[in-house]
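Listing of start01.cif; format and content: mmCIF, C-alpha atoms.
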data_run
#
loop_
_atom_site.label_atom_id
_atom_site.label_comp_id
_atom_site.auth_asym_id
_atom_site.auth_seq_id
_atom_site.Cartn_x
_atom_site.Cartn_y
_atom_site.Cartn_z
CA ASP A 637 19.56 7.94 0.54
CA ALA A 638 17.50 6.75 -2.41
CA MET A 639 13.88 7.36 -1.68
CA VAL A 640 10.37 8.36 -2.69
CA ILE A 641 9.49 11.94 -1.80
CA GLN A 642 6.05 13.49 -1.71
CA ASN A 643 5.18 17.14 -1.51
CA PRO A 644 3.44 18.66 0.22
CA ARG A 645 2.94 16.38 3.21
CA TYR A 646 -0.32 18.15 4.07
CA GLN A 647 -2.56 19.92 1.58
CA VAL A 648 -5.72 21.84 2.29
CA THR A 649 -7.97 22.83 -0.58
CA GLN A 650 -11.46 24.12 -1.06
CA PHE A 651 -14.33 22.18 -2.54
CA GLY A 652 -13.97 22.33 -6.31
CA LYS A 653 -10.55 24.00 -6.33
CA PRO A 654 -8.02 22.05 -8.39
CA VAL A 655 -5.06 20.65 -6.54
CA THR A 656 -1.82 18.95 -7.61
CA LEU A 657 0.19 16.55 -5.51
CA SER A 658 3.74 15.70 -6.45
CA CYS A 659 5.97 12.68 -6.12
CA SER A 660 9.62 12.24 -6.97
CA GLN A 661 11.94 9.28 -6.72
CA THR A 662 15.67 8.76 -6.73
CA LEU A 663 15.42 4.99 -7.16
CA ASN A 664 15.32 5.18 -10.95
CA HIS A 665 12.37 2.79 -10.94
CA ASN A 666 10.34 2.25 -14.08
CA VAL A 667 6.94 2.15 -12.42
CA MET A 668 5.21 4.81 -10.35
CA TYR A 669 1.84 4.31 -8.66
CA TRP A 670 -0.75 6.52 -7.00
CA TYR A 671 -2.90 5.11 -4.22
CA GLN A 672 -5.72 6.66 -2.23
CA GLN A 673 -6.10 5.57 1.38
CA LYS A 674 -9.01 6.68 3.54
CA SER A 675 -9.08 6.24 7.30
CA SER A 676 -9.13 2.58 8.39
CA GLN A 677 -9.31 1.46 4.75
CA ALA A 678 -6.93 -0.34 2.46
CA PRO A 679 -4.79 1.62 0.01
CA LYS A 680 -6.66 1.71 -3.30
CA LEU A 681 -4.73 1.89 -6.56
CA LEU A 682 -5.82 4.82 -8.72
CA PHE A 683 -3.39 4.40 -11.64
CA HIS A 684 0.20 3.69 -12.49
CA TYR A 685 2.80 4.65 -15.03
CA TYR A 686 5.00 2.01 -16.58
CA ASP A 687 7.69 4.26 -17.97
CA LYS A 688 5.59 6.70 -20.04
CA ASP A 689 2.67 4.31 -20.42
CA PHE A 690 -0.32 5.47 -18.32
CA ASN A 691 -2.62 2.79 -16.89
CA ASN A 692 -5.86 3.83 -15.26
CA GLU A 693 -7.82 1.58 -12.93
CA ALA A 694 -11.35 1.01 -14.21
CA ASP A 695 -13.01 2.49 -11.15
CA THR A 696 -10.84 5.61 -10.84
CA PRO A 697 -13.05 8.70 -11.28
CA ASP A 698 -12.32 11.04 -14.19
CA ASN A 699 -11.72 13.75 -11.60
CA PHE A 700 -8.30 12.20 -11.01
CA GLN A 701 -5.56 12.66 -13.58
CA SER A 702 -1.85 12.05 -13.59
CA ARG A 703 1.26 13.24 -15.39
CA ARG A 704 4.74 11.82 -15.54
CA PRO A 705 7.01 14.32 -17.29
CA ASN A 706 10.16 12.26 -16.68
CA THR A 707 11.35 9.13 -14.89
CA SER A 708 11.77 10.89 -11.57
CA PHE A 709 8.54 12.83 -11.21
CA CYS A 710 4.86 11.98 -11.18
CA PHE A 711 1.92 14.26 -10.40
CA LEU A 712 -1.61 13.61 -9.24
CA ASP A 713 -4.13 16.24 -10.35
CA ILE A 714 -7.55 16.40 -8.77
CA ARG A 715 -9.60 18.62 -11.03
CA SER A 716 -12.54 19.37 -8.77
CA PRO A 717 -12.02 17.97 -5.29
CA GLY A 718 -15.09 16.88 -3.41
CA LEU A 719 -15.44 16.22 0.30
CA GLY A 720 -15.19 12.51 -0.45
CA ASP A 721 -11.70 12.98 -1.89
CA ALA A 722 -10.23 13.82 1.49
CA ALA A 723 -7.70 11.06 2.09
CA MET A 724 -4.04 10.15 2.27
CA TYR A 725 -2.52 9.93 -1.21
CA LEU A 726 0.41 7.56 -1.43
CA CYS A 727 2.94 7.44 -4.22
CA ALA A 728 4.88 4.23 -4.71
CA THR A 729 7.51 2.91 -7.09
CA SER A 730 8.73 -0.46 -8.21
CA ARG A 731 11.66 -1.47 -10.33
CA ASP A 732 9.41 -3.10 -12.89
CA ARG A 733 5.74 -3.91 -13.33
CA ASN A 734 5.78 -7.36 -11.85
CA TYR A 735 8.55 -6.77 -9.37
CA ASN A 736 7.18 -7.70 -6.00
CA GLU A 737 8.26 -4.91 -3.71
CA GLN A 738 6.78 -1.44 -3.92
CA PHE A 739 8.43 1.45 -2.12
CA PHE A 740 6.05 4.03 -0.74
CA GLY A 741 6.51 7.72 -0.15
CA PRO A 742 5.34 9.25 3.15
CA GLY A 743 2.04 10.35 1.61
CA THR A 744 0.17 13.62 1.25
CA ARG A 745 -2.83 14.09 3.51
CA LEU A 746 -5.49 16.04 1.63
CA THR A 747 -8.19 17.98 3.43
CA VAL A 748 -11.11 19.41 1.46
CA LEU A 749 -13.03 22.26 3.06
CA ARG B 2 -16.84 -10.47 -0.98
CA LYS B 3 -13.62 -8.49 -0.59
CA GLU B 4 -10.57 -9.82 -2.40
CA VAL B 5 -8.52 -9.71 0.81
CA GLU B 6 -10.12 -9.87 4.25
CA GLN B 7 -8.57 -9.29 7.64
CA ASP B 8 -9.82 -8.91 11.19
CA PRO B 9 -9.34 -5.19 11.87
CA GLY B 10 -8.61 -5.77 15.56
CA PRO B 11 -7.24 -4.14 17.57
CA PHE B 12 -5.28 -6.94 19.11
CA ASN B 13 -4.13 -5.78 22.54
CA VAL B 14 -1.23 -7.85 23.86
CA PRO B 15 1.40 -7.40 26.59
CA GLU B 16 5.07 -7.21 25.80
CA GLY B 17 6.57 -10.64 25.29
CA ALA B 18 3.34 -12.21 24.10
CA THR B 19 2.92 -14.21 20.93
CA VAL B 20 0.23 -13.00 18.58
CA ALA B 21 -1.07 -14.32 15.27
CA PHE B 22 -3.07 -12.69 12.49
CA ASN B 23 -4.88 -14.39 9.67
CA CYS B 24 -5.95 -13.11 6.31
CA THR B 25 -8.11 -14.75 3.64
CA TYR B 26 -8.10 -14.08 -0.09
CA SER B 27 -10.76 -14.83 -2.64
CA ASN B 28 -8.83 -15.49 -5.85
CA SER B 29 -7.48 -19.01 -5.82
CA ALA B 30 -5.18 -18.21 -8.73
CA SER B 31 -3.24 -15.58 -6.75
CA GLN B 32 0.46 -16.26 -6.81
CA SER B 33 2.25 -13.81 -4.53
CA PHE B 34 1.54 -12.80 -0.96
CA PHE B 35 3.03 -10.27 1.41
CA TRP B 36 2.72 -8.66 4.79
CA TYR B 37 3.23 -4.90 4.95
CA ARG B 38 3.48 -2.88 8.12
CA GLN B 39 1.95 0.58 8.42
CA ASP B 40 2.60 2.81 11.40
CA CYS B 41 -0.01 5.38 12.36
CA ARG B 42 -0.25 8.08 9.67
CA LYS B 43 2.80 6.71 7.87
CA GLU B 44 3.33 4.83 4.64
CA PRO B 45 3.16 1.03 4.26
CA LYS B 46 6.49 -0.79 4.29
CA LEU B 47 7.17 -4.34 3.22
CA LEU B 48 7.58 -6.59 6.25
CA MET B 49 8.00 -9.91 4.50
CA SER B 50 6.97 -11.97 1.53
CA VAL B 51 5.02 -15.16 2.16
CA TYR B 52 6.25 -18.31 0.48
CA SER B 53 4.47 -21.61 0.01
CA SER B 54 6.94 -23.32 2.30
CA GLY B 55 6.52 -20.68 4.98
CA ASN B 56 9.25 -18.31 6.01
CA GLU B 57 10.71 -16.84 9.13
CA ASP B 58 12.49 -13.57 9.78
CA GLY B 59 13.60 -13.23 13.36
CA ARG B 60 10.50 -13.05 15.54
CA PHE B 61 8.17 -13.05 12.54
CA THR B 62 6.84 -16.16 10.80
CA ALA B 63 4.58 -16.13 7.77
CA GLN B 64 2.60 -19.11 6.50
CA LEU B 65 0.52 -19.70 3.40
CA ASN B 66 -2.31 -22.22 3.14
CA ARG B 67 -3.34 -22.38 -0.49
CA ALA B 68 -6.03 -24.99 0.02
CA SER B 69 -7.87 -22.78 2.49
CA GLN B 70 -6.73 -19.54 0.86
CA TYR B 71 -5.38 -17.93 3.96
CA ILE B 72 -2.14 -16.34 5.05
CA SER B 73 -0.94 -15.97 8.59
CA LEU B 74 1.60 -13.86 10.43
CA LEU B 75 2.97 -14.91 13.80
CA ILE B 76 4.88 -12.48 15.99
CA ARG B 77 6.79 -13.93 18.92
CA ASP B 78 8.09 -12.02 21.94
CA SER B 79 6.14 -8.87 21.02
CA LYS B 80 7.87 -5.53 21.48
CA LEU B 81 6.33 -2.14 22.06
CA SER B 82 7.73 -1.14 18.68
CA ASP B 83 5.63 -3.84 16.99
CA SER B 84 2.53 -1.69 17.57
CA ALA B 85 1.28 -0.92 14.08
CA THR B 86 -1.25 -1.99 11.48
CA TYR B 87 -0.33 -5.11 9.54
CA LEU B 88 -1.61 -5.19 5.98
CA CYS B 89 -2.11 -8.45 4.16
CA VAL B 90 -1.33 -8.01 0.47
CA VAL B 91 -2.05 -10.29 -2.46
CA LYS B 92 -0.76 -9.82 -5.94
CA GLY B 93 -3.73 -9.86 -8.30
CA VAL B 94 -3.93 -12.16 -11.27
CA ASN B 95 -4.16 -10.42 -14.60
CA THR B 96 -2.35 -10.78 -17.87
CA GLY B 97 0.43 -8.24 -17.97
CA PHE B 98 0.27 -5.99 -14.93
CA GLN B 99 -0.39 -7.69 -11.59
CA LYS B 100 -1.46 -5.11 -9.07
CA LEU B 101 -1.13 -5.41 -5.33
CA VAL B 102 -4.45 -5.78 -3.52
CA PHE B 103 -4.33 -4.66 0.10
CA GLY B 104 -6.43 -5.78 3.01
CA THR B 105 -7.70 -3.13 5.41
CA GLY B 106 -5.15 -4.21 7.99
CA THR B 107 -5.07 -5.64 11.47
CA ARG B 108 -4.13 -3.24 14.22
CA LEU B 109 -1.75 -4.46 16.92
CA LEU B 110 -1.23 -2.65 20.22
CA VAL B 111 1.57 -3.93 22.44
CA SER B 112 1.49 -2.62 25.99
CA PRO B 113 4.16 -2.62 28.72
#
Full structure transcribed into structure tokens:
Amino acid sequence: DAMVIQNPRYQVTQFGKPVTLSCSQTLNHNVMYWYQQKSSQAPKLLFHYYDKDFNNEADTPDNFQSRRPNTSFCFLDIRSPGLGDAAMYLCATSRDRNYNEQFFGPGTRLTVL
Amino acid sequence: RKEVEQDPGPFNVPEGATVAFNCTYSNSASQSFFWYRQDCRKEPKLLMSVYSSGNEDGRFTAQLNRASQYISLLIRDSKLSDSATYLCVVKGVNTGFQKLVFGTGTRLLVSP
């Protein structure tokens, strides 16, 4: 089945230790998004890629970076995780930028010790 | 003021009940509206889009009131499997990319 896959599903890291979360999709969608969702809060868009074009949200900390080496894969790099970065990180895709439906992966739950 | 506001609940209802959620949005120029469903510790999934004329999908009915800037979701004949968090989503208004803005969700608990 076509889908959005995230690995790992659970990630534990230490304060300040860089971590990379990965997302892949078999939908061949042009757009890939990264959201951060903390407990009982709304998903918050960090950035998105429209094809190879990277678009950062204005309030996304510099600590968060992303890479999209090809259409199928997108990575979220957290350079120096703080305790406040513990959250669920959701990857999503959409066929195009203004296409209404976004398809979410199952998320990676990040714990920072 | 948040862009999208919802009552967090929880709404506790018995099976078979009818339950309604409302959501308000702040940007009067918003064009597109959605309800997403999110099960506990799972990803959000699109439940339905909300059209100006209102729309129905089985037991679910969505309404849009542009004048008052609110969106509603009505669930009839609630099932145990309807227990989830319902996220109100508004497509932001920008030139070019229009991002989805999520509410914090309304939690529904359906009991036997």
- Task: Decode the PyMOL selection byres ((chain A) within 7 of (chain B)) for the given file into explicit residues and return them as a list in words.
- Result: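 Applied to this file, the PyMOL selection byres ((chain A) within 7 of (chain B)) returns Ser676, Gln677, Ala678, Pro679, Arg733, Asn734, Phe740, Gly741, Pro742 and Gly743 of chain A.
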- Selection: 9 Å around Ser658 (chain A), all atoms listed in the file, excl. self and same-chain fewer than 3 positions, as an MDAnalysis selection string: chainID A and resid 641:644 709:713 727 744
Can you sort out the box for region 70-87 of chain B, edges along x, y and z, all listed atoms in, 5 Å on every side, with centre and edge lengths in Å to one decimal, as lines of an AutoDock Vina configuration file?
center_x = 0.7
center_y = -10.2
center_z = 11.5
size_x = 24.8
size_y = 28.6
size_z = 31.2
- Separating CA of Asn699 (chain A) from CA of Met724 (chain A), to the nearest tenth of an Å, is a gap of 16.3 Å
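Between CA of Pro11 (chain B) and CA of Ser82 (chain B) lies a distance of 15.3 Å.
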- Query: If the PyMOL selection byres ((chain A and resi 718) around 10) is run on the structure shown, which residues does it catch, given as a ChimeraX atom specification?
  - Reply: /A:649-653,699,714-717,719-722,747-749
Could region 696-707 of chain A be completed with all heavy atoms and written as a short mmCIF file (atom, residue, chain, number, x, y, z; two decimals), in the coordinates of the input, please?
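File produced: rebuild_30.cif:
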data_model
loop_
_atom_site.label_atom_id
_atom_site.label_comp_id
_atom_site.auth_asym_id
_atom_site.auth_seq_id
_atom_site.Cartn_x
_atom_site.Cartn_y
_atom_site.Cartn_z
N THR A 696 -11.38 4.30 -11.23
CA THR A 696 -10.84 5.61 -10.84
C THR A 696 -11.67 6.71 -11.49
O THR A 696 -11.82 6.72 -12.73
CB THR A 696 -9.36 5.73 -11.25
OG1 THR A 696 -8.61 4.73 -10.57
CG2 THR A 696 -8.82 7.11 -10.91
N PRO A 697 -12.21 7.63 -10.68
CA PRO A 697 -13.05 8.70 -11.28
C PRO A 697 -12.24 9.58 -12.23
O PRO A 697 -11.04 9.78 -12.06
CB PRO A 697 -13.50 9.49 -10.05
CG PRO A 697 -13.32 8.58 -8.88
CD PRO A 697 -12.16 7.70 -9.21
N ASP A 698 -12.95 10.14 -13.21
CA ASP A 698 -12.32 11.04 -14.19
C ASP A 698 -11.73 12.29 -13.54
O ASP A 698 -10.90 12.96 -14.14
CB ASP A 698 -13.35 11.48 -15.23
CG ASP A 698 -13.79 10.33 -16.12
OD1 ASP A 698 -13.03 9.34 -16.18
OD2 ASP A 698 -14.85 10.44 -16.75
N ASN A 699 -12.20 12.59 -12.36
CA ASN A 699 -11.72 13.75 -11.60
C ASN A 699 -10.23 13.64 -11.27
O ASN A 699 -9.58 14.64 -10.97
CB ASN A 699 -12.54 13.79 -10.30
CG ASN A 699 -12.48 15.11 -9.61
OD1 ASN A 699 -12.25 16.14 -10.23
ND2 ASN A 699 -12.67 15.08 -8.30
N PHE A 700 -9.70 12.44 -11.33
CA PHE A 700 -8.30 12.20 -11.01
C PHE A 700 -7.51 12.00 -12.31
O PHE A 700 -7.87 11.17 -13.14
CB PHE A 700 -8.14 10.95 -10.13
CG PHE A 700 -8.70 11.09 -8.76
CD1 PHE A 700 -10.03 10.81 -8.51
CD2 PHE A 700 -7.90 11.51 -7.71
CE1 PHE A 700 -10.56 10.94 -7.23
CE2 PHE A 700 -8.42 11.64 -6.43
CZ PHE A 700 -9.76 11.36 -6.19
N GLN A 701 -6.43 12.76 -12.42
CA GLN A 701 -5.56 12.66 -13.58
C GLN A 701 -4.12 12.56 -13.09
O GLN A 701 -3.83 12.88 -11.94
CB GLN A 701 -5.71 13.90 -14.47
CG GLN A 701 -7.14 14.17 -14.93
CD GLN A 701 -7.57 13.23 -16.02
OE1 GLN A 701 -6.79 12.88 -16.90
NE2 GLN A 701 -8.83 12.79 -15.98
N SER A 702 -3.25 12.16 -13.98
CA SER A 702 -1.85 12.05 -13.59
C SER A 702 -0.95 12.44 -14.75
O SER A 702 -1.34 12.35 -15.92
CB SER A 702 -1.54 10.62 -13.14
OG SER A 702 -0.23 10.52 -12.62
N ARG A 703 0.23 12.89 -14.40
CA ARG A 703 1.26 13.24 -15.39
C ARG A 703 2.59 12.70 -14.91
O ARG A 703 2.89 12.76 -13.72
CB ARG A 703 1.38 14.78 -15.50
CG ARG A 703 0.15 15.48 -16.01
CD ARG A 703 0.31 17.00 -15.86
NE ARG A 703 0.09 17.44 -14.49
CZ ARG A 703 0.87 18.32 -13.87
NH1 ARG A 703 1.94 18.82 -14.46
NH2 ARG A 703 0.58 18.72 -12.63
N ARG A 704 3.37 12.24 -15.87
CA ARG A 704 4.74 11.82 -15.54
C ARG A 704 5.67 12.43 -16.58
O ARG A 704 5.95 11.82 -17.61
CB ARG A 704 4.86 10.29 -15.52
CG ARG A 704 6.22 9.83 -14.96
CD ARG A 704 6.35 8.33 -14.92
NE ARG A 704 7.59 7.93 -14.25
CZ ARG A 704 8.02 6.67 -14.16
NH1 ARG A 704 7.31 5.68 -14.70
NH2 ARG A 704 9.15 6.39 -13.54
N PRO A 705 6.18 13.62 -16.29
CA PRO A 705 7.01 14.32 -17.29
C PRO A 705 8.37 13.68 -17.52
O PRO A 705 8.95 13.86 -18.59
CB PRO A 705 7.16 15.73 -16.70
CG PRO A 705 6.93 15.56 -15.24
CD PRO A 705 5.97 14.43 -15.09
N ASN A 706 8.88 12.96 -16.54
CA ASN A 706 10.16 12.26 -16.68
C ASN A 706 10.18 11.09 -15.70
O ASN A 706 9.22 10.90 -14.95
CB ASN A 706 11.35 13.21 -16.46
CG ASN A 706 11.27 13.93 -15.14
OD1 ASN A 706 11.11 13.29 -14.09
ND2 ASN A 706 11.37 15.25 -15.17
N THR A 707 11.27 10.34 -15.72
CA THR A 707 11.35 9.13 -14.89
C THR A 707 11.18 9.44 -13.41
O THR A 707 10.62 8.66 -12.65
CB THR A 707 12.70 8.44 -15.11
OG1 THR A 707 12.84 8.11 -16.48
CG2 THR A 707 12.82 7.17 -14.27
#
